[in-house]
Each structure stands twice: as C-alpha cells, then as structure tokens.
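Enquirer: What follows is start_7.txt; its format and atoms are compact mmCIF, N, CA and C atoms.
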# COMPACT_ATOMS: atom_id res chain seq x y z
N MET A 1 -20.18 -11.80 15.57
CA MET A 1 -20.51 -11.10 14.34
C MET A 1 -19.65 -9.85 14.16
N GLY A 2 -19.33 -9.20 15.29
CA GLY A 2 -18.53 -7.99 15.22
C GLY A 2 -17.12 -8.25 14.73
N ASP A 3 -16.58 -9.43 15.10
CA ASP A 3 -15.23 -9.76 14.67
C ASP A 3 -15.18 -10.02 13.16
N ILE A 4 -16.21 -10.59 12.62
CA ILE A 4 -16.27 -10.82 11.17
C ILE A 4 -16.34 -9.48 10.43
N LEU A 5 -17.09 -8.55 10.98
CA LEU A 5 -17.17 -7.21 10.39
C LEU A 5 -15.81 -6.51 10.44
N THR A 6 -15.09 -6.71 11.54
CA THR A 6 -13.75 -6.14 11.66
C THR A 6 -12.83 -6.68 10.57
N TRP A 7 -12.85 -7.98 10.37
CA TRP A 7 -11.99 -8.58 9.34
C TRP A 7 -12.43 -8.20 7.94
N LEU A 8 -13.73 -8.02 7.76
CA LEU A 8 -14.23 -7.61 6.45
C LEU A 8 -13.78 -6.19 6.12
N ILE A 9 -13.83 -5.29 7.09
CA ILE A 9 -13.34 -3.92 6.88
C ILE A 9 -11.85 -3.93 6.61
N SER A 10 -11.11 -4.76 7.36
CA SER A 10 -9.68 -4.89 7.14
C SER A 10 -9.38 -5.42 5.74
N PHE A 11 -10.17 -6.40 5.31
CA PHE A 11 -10.01 -6.96 3.98
C PHE A 11 -10.27 -5.91 2.90
N LEU A 12 -11.29 -5.10 3.08
CA LEU A 12 -11.61 -4.06 2.10
C LEU A 12 -10.54 -2.98 2.05
N LEU A 13 -10.00 -2.59 3.20
CA LEU A 13 -8.92 -1.61 3.22
C LEU A 13 -7.66 -2.15 2.55
N LEU A 14 -7.34 -3.41 2.83
CA LEU A 14 -6.18 -4.02 2.19
C LEU A 14 -6.38 -4.15 0.68
N PHE A 15 -7.58 -4.48 0.28
CA PHE A 15 -7.86 -4.61 -1.15
C PHE A 15 -7.75 -3.26 -1.85
N SER A 16 -8.19 -2.20 -1.18
CA SER A 16 -8.05 -0.87 -1.79
C SER A 16 -6.59 -0.45 -1.88
N LEU A 17 -5.78 -0.80 -0.87
CA LEU A 17 -4.34 -0.54 -0.96
C LEU A 17 -3.69 -1.31 -2.10
N LEU A 18 -4.10 -2.56 -2.26
CA LEU A 18 -3.59 -3.36 -3.37
C LEU A 18 -3.95 -2.74 -4.71
N ALA A 19 -5.16 -2.27 -4.84
CA ALA A 19 -5.59 -1.66 -6.09
C ALA A 19 -4.78 -0.40 -6.41
N LEU A 20 -4.51 0.41 -5.38
CA LEU A 20 -3.71 1.62 -5.60
C LEU A 20 -2.28 1.29 -5.99
N LEU A 21 -1.70 0.27 -5.37
CA LEU A 21 -0.33 -0.10 -5.71
C LEU A 21 -0.24 -0.72 -7.10
N ILE A 22 -1.21 -1.52 -7.46
CA ILE A 22 -1.21 -2.10 -8.81
C ILE A 22 -1.37 -1.01 -9.85
N TYR A 23 -2.19 -0.01 -9.56
CA TYR A 23 -2.34 1.12 -10.46
C TYR A 23 -1.02 1.86 -10.64
N GLN A 24 -0.29 2.08 -9.54
CA GLN A 24 1.00 2.74 -9.63
C GLN A 24 2.00 1.92 -10.42
N LEU A 25 2.00 0.62 -10.21
CA LEU A 25 2.91 -0.25 -10.96
C LEU A 25 2.57 -0.28 -12.45
N MET A 26 1.28 -0.22 -12.76
CA MET A 26 0.88 -0.18 -14.17
C MET A 26 1.33 1.11 -14.82
N CYS A 27 1.23 2.22 -14.10
CA CYS A 27 1.70 3.50 -14.64
C CYS A 27 3.21 3.46 -14.88
N LEU A 28 3.96 2.86 -13.96
CA LEU A 28 5.41 2.75 -14.14
C LEU A 28 5.76 1.82 -15.29
N ALA A 29 5.00 0.74 -15.44
CA ALA A 29 5.24 -0.17 -16.55
C ALA A 29 4.92 0.49 -17.89
N ASP A 30 3.84 1.25 -17.92
CA ASP A 30 3.50 1.99 -19.15
C ASP A 30 4.59 3.00 -19.50
N LEU A 31 5.15 3.62 -18.50
CA LEU A 31 6.24 4.56 -18.73
C LEU A 31 7.49 3.84 -19.24
N GLU A 32 7.76 2.68 -18.67
CA GLU A 32 8.94 1.92 -19.07
C GLU A 32 8.83 1.44 -20.52
N PHE A 33 7.65 1.05 -20.94
CA PHE A 33 7.45 0.58 -22.31
C PHE A 33 7.07 1.71 -23.26
N ASP A 34 7.12 2.93 -22.78
CA ASP A 34 6.91 4.14 -23.57
C ASP A 34 5.50 4.24 -24.15
N TYR A 35 4.51 3.79 -23.36
CA TYR A 35 3.13 3.96 -23.76
C TYR A 35 2.56 5.29 -23.28
N ILE A 36 3.25 5.91 -22.31
CA ILE A 36 2.77 7.13 -21.69
C ILE A 36 3.99 8.03 -21.43
N ASN A 37 3.78 9.32 -21.45
CA ASN A 37 4.92 10.20 -21.20
C ASN A 37 5.17 10.36 -19.70
N ALA A 38 6.31 10.94 -19.37
CA ALA A 38 6.74 11.03 -17.97
C ALA A 38 5.82 11.94 -17.16
N TYR A 39 5.34 13.01 -17.74
CA TYR A 39 4.48 13.93 -17.01
C TYR A 39 3.16 13.27 -16.62
N ASP A 40 2.51 12.59 -17.57
CA ASP A 40 1.25 11.93 -17.28
C ASP A 40 1.42 10.82 -16.24
N SER A 41 2.49 10.05 -16.39
CA SER A 41 2.73 8.96 -15.47
C SER A 41 2.97 9.47 -14.05
N SER A 42 3.80 10.48 -13.91
CA SER A 42 4.08 11.00 -12.57
C SER A 42 2.86 11.69 -11.97
N SER A 43 2.07 12.36 -12.76
CA SER A 43 0.87 13.00 -12.21
C SER A 43 -0.15 11.96 -11.78
N ARG A 44 -0.28 10.86 -12.52
CA ARG A 44 -1.21 9.80 -12.12
C ARG A 44 -0.75 9.11 -10.85
N ILE A 45 0.56 8.88 -10.73
CA ILE A 45 1.08 8.23 -9.53
C ILE A 45 0.95 9.15 -8.33
N ASN A 46 1.31 10.42 -8.51
CA ASN A 46 1.26 11.37 -7.40
C ASN A 46 -0.16 11.61 -6.91
N MET A 47 -1.12 11.40 -7.77
CA MET A 47 -2.52 11.60 -7.40
C MET A 47 -2.98 10.55 -6.37
N VAL A 48 -2.39 9.35 -6.39
CA VAL A 48 -2.85 8.28 -5.50
C VAL A 48 -1.89 7.97 -4.36
N VAL A 49 -0.78 8.69 -4.26
CA VAL A 49 0.19 8.41 -3.20
C VAL A 49 -0.37 8.79 -1.83
N LEU A 50 -0.90 9.98 -1.68
CA LEU A 50 -1.44 10.40 -0.38
C LEU A 50 -2.64 9.57 0.05
N PRO A 51 -3.58 9.22 -0.83
CA PRO A 51 -4.64 8.32 -0.39
C PRO A 51 -4.11 6.96 0.07
N GLU A 52 -3.04 6.47 -0.58
CA GLU A 52 -2.43 5.22 -0.13
C GLU A 52 -1.89 5.36 1.29
N PHE A 53 -1.21 6.47 1.56
CA PHE A 53 -0.64 6.69 2.89
C PHE A 53 -1.75 6.82 3.93
N ILE A 54 -2.82 7.50 3.59
CA ILE A 54 -3.93 7.69 4.52
C ILE A 54 -4.63 6.37 4.81
N ILE A 55 -4.85 5.57 3.79
CA ILE A 55 -5.51 4.27 4.00
C ILE A 55 -4.62 3.36 4.85
N GLN A 56 -3.31 3.39 4.62
CA GLN A 56 -2.41 2.58 5.43
C GLN A 56 -2.43 3.02 6.89
N ALA A 57 -2.44 4.32 7.14
CA ALA A 57 -2.52 4.83 8.52
C ALA A 57 -3.86 4.45 9.15
N LEU A 58 -4.93 4.52 8.37
CA LEU A 58 -6.24 4.12 8.85
C LEU A 58 -6.27 2.64 9.19
N LEU A 59 -5.65 1.82 8.36
CA LEU A 59 -5.62 0.37 8.61
C LEU A 59 -4.83 0.05 9.87
N THR A 60 -3.69 0.71 10.05
CA THR A 60 -2.88 0.46 11.25
C THR A 60 -3.63 0.90 12.50
N SER A 61 -4.26 2.05 12.46
CA SER A 61 -5.03 2.50 13.61
C SER A 61 -6.26 1.63 13.85
N PHE A 62 -6.83 1.10 12.78
CA PHE A 62 -7.97 0.18 12.90
C PHE A 62 -7.55 -1.09 13.62
N TYR A 63 -6.39 -1.63 13.26
CA TYR A 63 -5.87 -2.80 13.97
C TYR A 63 -5.61 -2.48 15.44
N LEU A 64 -5.08 -1.30 15.70
CA LEU A 64 -4.77 -0.91 17.07
C LEU A 64 -6.03 -0.75 17.91
N VAL A 65 -7.04 -0.13 17.36
CA VAL A 65 -8.30 0.09 18.09
C VAL A 65 -9.00 -1.24 18.37
N ASN A 66 -8.91 -2.18 17.44
CA ASN A 66 -9.58 -3.46 17.60
C ASN A 66 -8.73 -4.51 18.31
N SER A 67 -7.61 -4.10 18.87
CA SER A 67 -6.73 -4.95 19.68
C SER A 67 -6.16 -6.14 18.93
N HIS A 68 -5.83 -5.95 17.68
CA HIS A 68 -5.12 -6.96 16.91
C HIS A 68 -3.64 -6.58 16.93
N TRP A 69 -2.97 -6.97 18.02
CA TRP A 69 -1.62 -6.46 18.30
C TRP A 69 -0.59 -6.97 17.31
N ILE A 70 -0.70 -8.20 16.91
CA ILE A 70 0.30 -8.76 15.97
C ILE A 70 0.20 -8.07 14.62
N LEU A 71 -1.01 -7.88 14.13
CA LEU A 71 -1.18 -7.20 12.86
C LEU A 71 -0.80 -5.73 12.95
N THR A 72 -1.00 -5.13 14.12
CA THR A 72 -0.55 -3.76 14.30
C THR A 72 0.96 -3.69 14.21
N LEU A 73 1.63 -4.62 14.88
CA LEU A 73 3.10 -4.64 14.82
C LEU A 73 3.61 -4.98 13.42
N LEU A 74 2.87 -5.78 12.69
CA LEU A 74 3.28 -6.10 11.31
C LEU A 74 3.08 -4.92 10.36
N SER A 75 2.09 -4.08 10.65
CA SER A 75 1.83 -2.96 9.75
C SER A 75 2.58 -1.69 10.12
N LEU A 76 3.18 -1.65 11.30
CA LEU A 76 3.93 -0.46 11.71
C LEU A 76 5.15 -0.17 10.84
N PRO A 77 5.96 -1.15 10.44
CA PRO A 77 7.11 -0.81 9.59
C PRO A 77 6.70 -0.17 8.26
N TYR A 78 5.63 -0.65 7.68
CA TYR A 78 5.14 -0.08 6.43
C TYR A 78 4.68 1.36 6.64
N LEU A 79 3.99 1.60 7.75
CA LEU A 79 3.55 2.95 8.07
C LEU A 79 4.73 3.87 8.36
N CYS A 80 5.72 3.35 9.08
CA CYS A 80 6.91 4.16 9.38
C CYS A 80 7.69 4.48 8.11
N PHE A 81 7.76 3.54 7.19
CA PHE A 81 8.43 3.79 5.92
C PHE A 81 7.70 4.89 5.14
N ASN A 82 6.37 4.83 5.14
CA ASN A 82 5.60 5.87 4.46
C ASN A 82 5.79 7.24 5.13
N LEU A 83 5.82 7.26 6.45
CA LEU A 83 6.06 8.52 7.15
C LEU A 83 7.46 9.06 6.88
N HIS A 84 8.43 8.16 6.80
CA HIS A 84 9.80 8.56 6.49
C HIS A 84 9.88 9.18 5.09
N LEU A 85 9.22 8.56 4.13
CA LEU A 85 9.19 9.12 2.78
C LEU A 85 8.50 10.48 2.76
N TYR A 86 7.43 10.61 3.51
CA TYR A 86 6.68 11.86 3.53
C TYR A 86 7.49 12.98 4.18
N ARG A 87 8.17 12.67 5.27
CA ARG A 87 8.97 13.70 5.95
C ARG A 87 10.14 14.17 5.11
N GLN A 88 10.73 13.27 4.34
CA GLN A 88 11.85 13.66 3.48
C GLN A 88 11.38 14.21 2.13
N ARG A 89 10.09 14.28 1.95
CA ARG A 89 9.47 14.76 0.71
C ARG A 89 9.92 13.94 -0.51
N LYS A 90 10.04 12.64 -0.29
CA LYS A 90 10.38 11.72 -1.38
C LYS A 90 9.19 10.84 -1.75
N HIS A 91 8.02 11.18 -1.26
CA HIS A 91 6.84 10.36 -1.52
C HIS A 91 6.26 10.61 -2.90
N LEU A 92 6.54 11.77 -3.48
CA LEU A 92 6.02 12.07 -4.81
C LEU A 92 7.08 11.75 -5.87
N VAL A 93 6.61 11.37 -7.03
CA VAL A 93 7.49 11.06 -8.14
C VAL A 93 7.81 12.35 -8.88
N ASP A 94 9.10 12.60 -9.07
CA ASP A 94 9.55 13.80 -9.77
C ASP A 94 9.55 13.55 -11.28
N VAL A 95 8.97 14.47 -12.02
CA VAL A 95 8.87 14.31 -13.47
C VAL A 95 10.25 14.27 -14.12
N THR A 96 11.15 15.11 -13.62
CA THR A 96 12.47 15.21 -14.26
C THR A 96 13.39 14.05 -13.91
N GLU A 97 13.11 13.37 -12.81
CA GLU A 97 13.98 12.27 -12.37
C GLU A 97 13.32 10.90 -12.46
N ILE A 98 12.18 10.81 -13.09
CA ILE A 98 11.44 9.56 -13.06
C ILE A 98 12.16 8.44 -13.82
N PHE A 99 12.85 8.77 -14.90
CA PHE A 99 13.56 7.73 -15.64
C PHE A 99 14.79 7.25 -14.88
N ASN A 100 15.44 8.14 -14.12
CA ASN A 100 16.60 7.74 -13.33
C ASN A 100 16.21 6.88 -12.14
N ASN A 101 15.05 7.12 -11.59
CA ASN A 101 14.60 6.40 -10.40
C ASN A 101 13.57 5.32 -10.72
N LEU A 102 13.40 4.97 -11.96
CA LEU A 102 12.35 4.03 -12.34
C LEU A 102 12.56 2.67 -11.69
N SER A 103 13.77 2.19 -11.68
CA SER A 103 14.05 0.87 -11.09
C SER A 103 13.74 0.87 -9.60
N TRP A 104 14.18 1.93 -8.90
CA TRP A 104 13.93 2.00 -7.46
C TRP A 104 12.44 2.13 -7.17
N GLU A 105 11.75 2.93 -7.94
CA GLU A 105 10.31 3.12 -7.73
C GLU A 105 9.56 1.80 -7.91
N LYS A 106 9.93 1.06 -8.93
CA LYS A 106 9.26 -0.22 -9.16
C LYS A 106 9.57 -1.22 -8.04
N LYS A 107 10.83 -1.26 -7.60
CA LYS A 107 11.20 -2.20 -6.54
C LYS A 107 10.49 -1.89 -5.23
N HIS A 108 10.45 -0.64 -4.89
CA HIS A 108 9.83 -0.33 -3.60
C HIS A 108 8.32 -0.53 -3.64
N ARG A 109 7.70 -0.35 -4.78
CA ARG A 109 6.27 -0.64 -4.88
C ARG A 109 6.00 -2.14 -4.95
N LEU A 110 6.91 -2.90 -5.53
CA LEU A 110 6.76 -4.36 -5.54
C LEU A 110 6.90 -4.93 -4.13
N LEU A 111 7.82 -4.38 -3.35
CA LEU A 111 7.96 -4.84 -1.96
C LEU A 111 6.71 -4.51 -1.15
N LYS A 112 6.13 -3.35 -1.40
CA LYS A 112 4.87 -3.00 -0.74
C LYS A 112 3.77 -3.97 -1.16
N LEU A 113 3.76 -4.32 -2.43
CA LEU A 113 2.74 -5.24 -2.94
C LEU A 113 2.88 -6.62 -2.30
N ILE A 114 4.10 -7.11 -2.18
CA ILE A 114 4.33 -8.41 -1.54
C ILE A 114 3.86 -8.37 -0.09
N TYR A 115 4.19 -7.29 0.61
CA TYR A 115 3.75 -7.15 2.00
C TYR A 115 2.22 -7.15 2.09
N LEU A 116 1.58 -6.41 1.21
CA LEU A 116 0.12 -6.31 1.28
C LEU A 116 -0.57 -7.63 0.92
N VAL A 117 0.00 -8.38 0.00
CA VAL A 117 -0.57 -9.69 -0.32
C VAL A 117 -0.46 -10.62 0.88
N PHE A 118 0.69 -10.56 1.57
CA PHE A 118 0.86 -11.35 2.79
C PHE A 118 -0.16 -10.94 3.85
N SER A 119 -0.34 -9.65 4.04
CA SER A 119 -1.33 -9.16 5.01
C SER A 119 -2.75 -9.53 4.61
N LEU A 120 -3.01 -9.52 3.31
CA LEU A 120 -4.33 -9.89 2.83
C LEU A 120 -4.62 -11.36 3.13
N PHE A 121 -3.64 -12.23 2.94
CA PHE A 121 -3.85 -13.64 3.25
C PHE A 121 -4.06 -13.86 4.74
N ILE A 122 -3.33 -13.14 5.58
CA ILE A 122 -3.54 -13.26 7.02
C ILE A 122 -4.93 -12.78 7.39
N SER A 123 -5.34 -11.66 6.84
CA SER A 123 -6.67 -11.13 7.13
C SER A 123 -7.76 -12.06 6.63
N LEU A 124 -7.58 -12.61 5.46
CA LEU A 124 -8.56 -13.55 4.91
C LEU A 124 -8.64 -14.82 5.75
N PHE A 125 -7.48 -15.31 6.19
CA PHE A 125 -7.46 -16.49 7.05
C PHE A 125 -8.24 -16.24 8.34
N TRP A 126 -7.98 -15.11 9.01
CA TRP A 126 -8.65 -14.84 10.27
C TRP A 126 -10.14 -14.55 10.06
N MET A 127 -10.50 -13.98 8.91
CA MET A 127 -11.92 -13.75 8.63
C MET A 127 -12.64 -15.10 8.46
N ILE A 128 -12.04 -16.03 7.75
CA ILE A 128 -12.66 -17.34 7.57
C ILE A 128 -12.69 -18.11 8.91
N TYR A 129 -11.60 -18.02 9.66
CA TYR A 129 -11.54 -18.68 10.95
C TYR A 129 -12.61 -18.17 11.90
N ASN A 130 -12.83 -16.87 11.95
CA ASN A 130 -13.84 -16.31 12.83
C ASN A 130 -15.25 -16.57 12.34
N SER A 131 -15.43 -16.71 11.04
CA SER A 131 -16.77 -17.01 10.54
C SER A 131 -17.16 -18.45 10.81
N LEU A 132 -16.18 -19.34 10.94
CA LEU A 132 -16.50 -20.74 11.25
C LEU A 132 -16.82 -20.97 12.71
N ASP A 133 -16.39 -20.06 13.59
CA ASP A 133 -16.68 -20.21 15.03
C ASP A 133 -18.12 -19.94 15.36
Please, can you express the file's structure as structure tokens?
Expert:
Amino acid sequence: MGDILTWLISFLLLFSLLALLIYQLMCLADLEFDYINAYDSSSRINMVVLPEFIIQALLTSFYLVNSHWILTLLSLPYLCFNLHLYRQRKHLVDVTEIFNNLSWEKKHRLLKLIYLVFSLFISLFWMIYNSLD
C-alpha cells in the first residue's frame, strides 16, 4: 500500500509541474498572438517559475528518499538545468527581451513538457503495476 501512495504522490507532483508548464506556454502563446502585453505575460510566467523549480527539486528528492534510483537519475538532468538557469539568473523572463527570446522560451518549455509527459507515463505505469500486485 505504501508503494501505491508513493506513486500517487509522484503522479500528483508531476501533474502539478505539467499544469505550471502548460500555463507558461499559454502565456507565451497569448503574447505571440498579441492577446496580452509583454509586461503581463512576463509577470505571470515569473510568478510560477520558482514554484516549478521547487516542485521539481521536491520530486527528485522524493524519488531519492524512496529509492527509485532510475527515476532519480532521469530527473537529475532536468533539476541540474533548472539550477543552471537559476545560478545564471536566466530563470526569469525579462520584459524588455521577451519578444527576442520568445522562440527559445517556447522551445525550452516544450522540451520540459515532453520530458514531464514521459515521466508521467512512467509513473503511471509503475503505479498501475504496483496496484495490481
């Protein structure tokens, strides 16, 4: 029963990360189609960047504490990328440069989204597998 709870918590953390990334992508898409101005878009994105980083660190440490070594190793590059962005102070979207970096911002968030969907499927698979045992 404890293993199912572990996978359920992992699933919920991954789902919350997915929701934050989809929100960021929607803000960037709204900016691209000129539904929202650059200041509002960057402030909305910057508001959820640090919670995304914290949830990802929590998820990686959760995998580590629960001895899921493969998932820990799979989530470490994403965490290291986030730490690299934070150390270089490139984690926040700049209002004055948002139009110049729009393509890069969308690509890097789409890659994060693809990674998280892959992790979600792995987590869902193991949750179903453990519930059948």
Enquirer: Just list as a VMD selection string whatever in chain A DSSP marks as alpha helix (DSSP H).
Expert: chain A and resid 2 to 32 38 to 65 69 to 87 102 to 132
Enquirer: Counting only C-alpha atoms, which residue out of A:Leu79, A:Leu71, A:Val49, A:Leu31 sits closest to A:Phe121?
Expert: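 Looking only at the distances to A:Phe121, the closest residue turns out to be A:Leu71.
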Enquirer: Do you know which residues are at most 7 Å from stretch 7-18 of chain A counting all atoms listed in the file, after dropping those on the same chain fewer than 6 positions away, and could you put them as a list of chain:residue names?
Expert: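 Residues meeting the cut-off are A:Glu52, A:Ile55, A:Gln56, A:Leu59, A:Leu113, A:Leu116, A:Ser119, A:Leu120, A:Ser123, A:Leu124, A:Trp126, A:Met127.
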Enquirer: May I have the residues from that selection written out with N, CA and C atoms, as a PDB file, in the coordinates of the input?
Expert:
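Saved the output as selection14.pdb:
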ATOM      1  N   GLU A  52      -3.040   6.470  -0.580  1.00  0.00           N
ATOM      2  CA  GLU A  52      -2.430   5.220  -0.130  1.00  0.00           C
ATOM      3  C   GLU A  52      -1.890   5.360   1.290  1.00  0.00           C
ATOM      4  N   ILE A  55      -4.850   5.570   3.790  1.00  0.00           N
ATOM      5  CA  ILE A  55      -5.510   4.270   4.000  1.00  0.00           C
ATOM      6  C   ILE A  55      -4.620   3.360   4.850  1.00  0.00           C
ATOM      7  N   GLN A  56      -3.310   3.390   4.620  1.00  0.00           N
ATOM      8  CA  GLN A  56      -2.410   2.580   5.430  1.00  0.00           C
ATOM      9  C   GLN A  56      -2.430   3.020   6.890  1.00  0.00           C
ATOM     10  N   LEU A  59      -5.650   1.820   8.360  1.00  0.00           N
ATOM     11  CA  LEU A  59      -5.620   0.370   8.610  1.00  0.00           C
ATOM     12  C   LEU A  59      -4.830   0.050   9.870  1.00  0.00           C
ATOM     13  N   LEU A 113       3.760  -4.320  -2.430  1.00  0.00           N
ATOM     14  CA  LEU A 113       2.740  -5.240  -2.940  1.00  0.00           C
ATOM     15  C   LEU A 113       2.880  -6.620  -2.300  1.00  0.00           C
ATOM     16  N   LEU A 116       1.580  -6.410   1.210  1.00  0.00           N
ATOM     17  CA  LEU A 116       0.120  -6.310   1.280  1.00  0.00           C
ATOM     18  C   LEU A 116      -0.570  -7.630   0.920  1.00  0.00           C
ATOM     19  N   SER A 119      -0.340  -9.650   4.040  1.00  0.00           N
ATOM     20  CA  SER A 119      -1.330  -9.160   5.010  1.00  0.00           C
ATOM     21  C   SER A 119      -2.750  -9.530   4.610  1.00  0.00           C
ATOM     22  N   LEU A 120      -3.010  -9.520   3.310  1.00  0.00           N
ATOM     23  CA  LEU A 120      -4.330  -9.890   2.830  1.00  0.00           C
ATOM     24  C   LEU A 120      -4.620 -11.360   3.130  1.00  0.00           C
ATOM     25  N   SER A 123      -5.340 -11.660   6.840  1.00  0.00           N
ATOM     26  CA  SER A 123      -6.670 -11.130   7.130  1.00  0.00           C
ATOM     27  C   SER A 123      -7.760 -12.060   6.630  1.00  0.00           C
ATOM     28  N   LEU A 124      -7.580 -12.610   5.460  1.00  0.00           N
ATOM     29  CA  LEU A 124      -8.560 -13.550   4.910  1.00  0.00           C
ATOM     30  C   LEU A 124      -8.640 -14.820   5.750  1.00  0.00           C
ATOM     31  N   TRP A 126      -7.980 -15.110   9.010  1.00  0.00           N
ATOM     32  CA  TRP A 126      -8.650 -14.840  10.270  1.00  0.00           C
ATOM     33  C   TRP A 126     -10.140 -14.550  10.060  1.00  0.00           C
ATOM     34  N   MET A 127     -10.500 -13.980   8.910  1.00  0.00           N
ATOM     35  CA  MET A 127     -11.920 -13.750   8.630  1.00  0.00           C
ATOM     36  C   MET A 127     -12.640 -15.100   8.460  1.00  0.00           C
TER      37      MET A 127
END
Enquirer: Using Å and a single decimal, report how far atom CA of A:Ser131 sits from atom CA of A:Leu58.
Expert: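 Pair atom CA of A:Leu58 / atom CA of A:Ser131 returns 23.7 Å.
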Enquirer: To one decimal place in Å, what is the distance between atom N of A:Phe62 and atom C of A:Leu76?
Expert: 12.2 Å
Enquirer: With all atoms listed in the file as the basis for distance, which of A:Asp40, A:Val93, A:Leu111, A:Val48 is at the shortest distance from A:Leu20?
Expert: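 Answer, going by the shortest atom-to-atom distance: A:Val48.
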Enquirer: Could you work out how far atom CA of A:Val117 lies from atom CA of A:Asp30, giving the answer in Å with one decimal?
Expert: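 About the pair atom CA of A:Asp30 and atom CA of A:Val117: they are 22.5 Å apart.
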Enquirer: Kindly indicate which residue among A:Ser75, A:Tyr63, A:Phe81, A:Tyr129 lies nearest to A:Arg109, using only C-alpha atoms for the distances.
Expert: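 Distance minimum relative to A:Arg109 lands on A:Phe81.
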Enquirer: Rank A:Tyr78, A:Trp69, A:Phe99, A:Phe125 by their smallest atom-to-atom distance to A:Ala38, using all atoms listed in the file, and report the top residue only.
Expert: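 Checking each candidate against A:Ala38, we get A:Phe99 as the closest.
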Enquirer: Grab stretch 82-96 of chain A from that structure and dump N, CA and C atoms to a file, as a short mmCIF file (atom, residue, chain, number, x, y, z; two decimals), in the first residue's frame.
Expert:
data_model
loop_
_atom_site.label_atom_id
_atom_site.label_comp_id
_atom_site.auth_asym_id
_atom_site.auth_seq_id
_atom_site.Cartn_x
_atom_site.Cartn_y
_atom_site.Cartn_z
N ASN A 82 17.58 23.37 -14.34
CA ASN A 82 16.91 24.42 -13.58
C ASN A 82 17.89 25.15 -12.65
N LEU A 83 18.77 24.41 -12.01
CA LEU A 83 19.77 25.04 -11.15
C LEU A 83 20.74 25.91 -11.96
N HIS A 84 21.10 25.44 -13.14
CA HIS A 84 21.97 26.21 -14.02
C HIS A 84 21.30 27.53 -14.42
N LEU A 85 20.03 27.47 -14.78
CA LEU A 85 19.31 28.69 -15.12
C LEU A 85 19.21 29.64 -13.92
N TYR A 86 18.99 29.08 -12.74
CA TYR A 86 18.86 29.90 -11.55
C TYR A 86 20.17 30.57 -11.18
N ARG A 87 21.27 29.84 -11.28
CA ARG A 87 22.57 30.41 -10.94
C ARG A 87 22.99 31.51 -11.90
N GLN A 88 22.63 31.37 -13.17
CA GLN A 88 22.97 32.40 -14.14
C GLN A 88 21.94 33.52 -14.19
N ARG A 89 20.94 33.42 -13.36
CA ARG A 89 19.84 34.39 -13.29
C ARG A 89 19.11 34.55 -14.63
N LYS A 90 18.96 33.42 -15.31
CA LYS A 90 18.21 33.40 -16.57
C LYS A 90 16.87 32.67 -16.41
N HIS A 91 16.47 32.42 -15.18
CA HIS A 91 15.24 31.69 -14.95
C HIS A 91 14.01 32.57 -15.09
N LEU A 92 14.18 33.87 -14.94
CA LEU A 92 13.04 34.78 -15.08
C LEU A 92 13.00 35.36 -16.49
N VAL A 93 11.80 35.64 -16.94
CA VAL A 93 11.60 36.22 -18.26
C VAL A 93 11.73 37.73 -18.15
N ASP A 94 12.58 38.31 -18.99
CA ASP A 94 12.81 39.75 -18.99
C ASP A 94 11.76 40.43 -19.87
N VAL A 95 11.14 41.46 -19.34
CA VAL A 95 10.08 42.16 -20.07
C VAL A 95 10.61 42.79 -21.35
N THR A 96 11.82 43.34 -21.28
CA THR A 96 12.35 44.06 -22.44
C THR A 96 12.87 43.13 -23.52
#
